[in-house]
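J.: Compact mmCIF, C-alpha atoms, file protein.txt:
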```
# COMPACT_ATOMS: atom_id res chain seq x y z
CA MET V 1 -105.21 85.05 25.91
CA GLY V 2 -107.87 86.00 28.41
CA ILE V 3 -109.00 84.35 31.60
CA GLY V 4 -112.05 82.92 29.81
CA TYR V 5 -109.90 80.82 27.50
CA VAL V 6 -107.85 79.52 30.43
CA VAL V 7 -110.98 78.62 32.37
CA GLY V 8 -112.43 76.91 29.28
CA PHE V 9 -109.26 74.89 28.74
CA LEU V 10 -109.21 73.94 32.43
CA GLY V 11 -112.88 72.88 32.28
CA GLY V 12 -112.19 70.75 29.19
CA ALA V 13 -109.19 69.14 30.87
CA ILE V 14 -111.29 68.37 33.96
CA LEU V 15 -114.02 66.81 31.79
CA ALA V 16 -111.42 64.71 29.95
CA HIS V 17 -109.94 63.55 33.26
CA ALA V 18 -113.39 62.63 34.59
CA ALA V 19 -114.05 60.55 31.47
CA TYR V 20 -110.68 58.82 31.85
CA ALA V 21 -111.36 58.17 35.56
CA THR V 22 -114.74 56.63 34.70
CA ILE V 23 -113.13 54.34 32.12
CA GLN V 24 -110.52 53.24 34.66
CA TYR V 25 -113.23 52.66 37.28
CA ARG V 26 -115.17 50.45 34.87
CA ALA V 27 -112.00 48.48 34.07
CA VAL V 28 -111.45 47.85 37.78
CA LEU V 29 -115.05 46.71 38.13
CA LYS V 30 -114.58 44.24 35.26
CA ILE V 31 -111.50 42.81 36.96
CA THR V 32 -113.31 42.42 40.29
CA GLU V 33 -116.42 41.16 38.44
CA GLU V 34 -118.72 43.75 39.99
CA GLU V 35 -121.53 45.46 38.12
CA PHE V 36 -121.36 49.12 37.11
CA SER V 37 -124.25 51.10 38.56
CA ARG V 38 -122.93 54.67 38.51
CA PRO V 39 -119.58 56.48 38.60
CA PRO V 40 -118.05 57.30 41.98
CA MET V 41 -119.13 60.50 43.70
CA ASP V 42 -115.75 62.20 43.19
CA VAL V 43 -116.05 61.68 39.43
CA VAL V 44 -119.60 63.09 39.46
CA MET V 45 -118.36 66.18 41.34
CA GLU V 46 -115.51 66.50 38.85
CA LEU V 47 -118.00 66.34 35.97
CA LEU V 48 -120.16 69.06 37.53
CA LEU V 49 -117.13 71.29 38.13
CA GLY V 50 -115.90 70.79 34.56
CA LEU V 51 -119.37 71.50 33.20
CA ALA V 52 -119.67 74.70 35.25
CA LEU V 53 -116.24 75.92 34.13
CA CYS V 54 -116.97 75.17 30.46
CA MET V 55 -120.34 76.92 30.66
CA TRP V 56 -118.79 79.97 32.31
CA ALA V 57 -116.08 80.09 29.67
CA GLY V 58 -118.66 79.78 26.90
CA LEU V 59 -120.49 82.80 28.27
CA ALA V 60 -117.38 84.80 29.13
CA VAL V 61 -115.65 84.47 25.75
CA PRO V 62 -118.03 86.10 23.29
CA ALA V 63 -117.42 86.02 19.59
CA LYS V 64 -117.28 89.15 17.49
CA PHE V 65 -120.74 89.97 16.13
CA LEU V 66 -120.91 90.72 12.44
CA SER V 67 -123.55 93.05 11.08
CA VAL V 68 -125.84 91.90 8.29
CA LEU V 69 -125.24 94.00 5.21
CA PRO V 70 -128.46 94.18 3.17
CA HIS V 71 -126.68 95.03 -0.08
CA SER V 72 -123.97 92.40 0.28
CA GLU V 73 -123.25 89.94 -2.52
CA GLU V 74 -123.87 86.98 -0.14
CA ASN V 75 -127.44 88.12 0.60
CA ARG V 76 -128.61 88.41 -2.97
CA ILE V 77 -131.64 86.51 -4.22
CA VAL V 78 -130.49 83.66 -6.43
CA LEU V 79 -133.86 82.20 -7.41
CA LEU V 80 -137.18 84.00 -7.67
CA PRO V 81 -140.04 81.49 -7.80
CA ALA V 82 -143.28 82.11 -9.64
CA ASN V 83 -145.47 82.26 -6.54
CA LEU V 84 -143.33 84.80 -4.55
CA ASP V 85 -144.54 83.30 -1.27
CA PHE V 86 -141.12 81.85 -0.66
CA MET V 87 -137.76 83.24 -1.67
CA ILE V 88 -134.61 81.15 -1.80
CA PHE V 89 -131.46 82.96 -0.76
CA ASN V 90 -127.83 82.00 -1.11
CA HIS V 91 -127.24 79.83 1.99
CA ARG V 92 -125.57 76.60 3.08
CA GLY V 93 -128.57 74.49 2.06
CA ARG V 94 -127.79 75.13 -1.61
CA ALA V 95 -124.89 72.69 -1.29
CA LEU V 96 -127.35 69.86 -0.64
CA PRO V 97 -128.82 68.02 -3.63
CA SER V 98 -132.30 69.13 -4.65
CA ASP V 99 -135.27 66.81 -5.18
CA SER V 100 -134.75 66.81 -8.94
CA ASP V 101 -131.14 65.66 -8.46
CA LEU V 102 -132.32 62.67 -6.43
CA LYS V 103 -134.85 61.37 -8.98
CA LEU V 104 -133.81 58.43 -11.12
CA LYS V 105 -133.51 59.19 -14.79
CA THR V 106 -135.00 56.52 -17.01
```
For this file, write the structure as structure tokens.

T.:
Amino acid sequence: MGIGYVVGFLGGAILAHAAYATIQYRAVLKITEEEFSRPPMDVVMELLLGLALCMWAGLAVPAKFLSVLPHSEENRIVLLPANLDFMIFNHRGRALPSDSDLKLKT
């Protein structure tokens, strides 16, 4: 496990702690019957630090790039319309119902 993963986990833990601290601060304000205007400055600094660490980890831990294979089975044309202006490829949107599926049958 690289340093990027450790920094990302640390940033996430800091963000979780800042959220928990804000919830506790609001509970104290409810008990003392004061109004919440903004979180305390230490929580804001903690949020900024956690955000910076998470952003750094997101940039430092790159994923493996996969090449697009033009002759792959996943990239084949599954529907060739009559007007050839638009082609529909095999993609995630095919799992959604089409317009004809949504029409009521009478």

J.: Please write as an MDAnalysis selection string the list of polymer residues whose atoms come within 10 Å of (-117.3, 76.6, 32.6), counting all atoms listed in the file and keeping to the coordinates of the file.

T.: chainID V and resid 4:5 7:12 48:60

J.: Select, from V:Ile3, V:Leu47, V:Met41, V:Val61, the residue with the minimum atom-to-atom distance to Tyr20 in chain V, counting all atoms listed in the file.

T.: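 Using all atoms listed in the file, the shortest distance to Tyr20 in chain V belongs to V:Leu47.
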
J.: Taking only C-alpha atoms into account, which of V:Glu46, V:Pro40, V:Met1, V:Ile31 comes nearest His17 in chain V?

T.: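 That would be V:Glu46, the residue with the smallest distance to His17 in chain V.
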
J.: Rounded to one decimal, what separation in Å do you get between CA of Thr22 in chain V and CA of Glu35 in chain V?

T.: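 Taking CA of Thr22 in chain V as the start and CA of Glu35 in chain V as the end point, the length is 13.5 Å.
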
J.: For the atom pair CA of Arg38 in chain V and CA of Gln24 in chain V, what is the interatomic distance in Å to one decimal place?

T.: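 Interatomic distance here is 13.1 Å.
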
J.: Using Å and a single decimal, report how far CA of Ile23 in chain V sits from CA of Asp42 in chain V.

T.: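 These two atoms are separated by 13.8 Å.
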
J.: Under the rule that all atoms listed in the file are counted, which of V:Arg26, V:Ala13, V:Ala18, V:Lys64 is the nearest residue to Val44 in chain V?

T.: V:Ala18
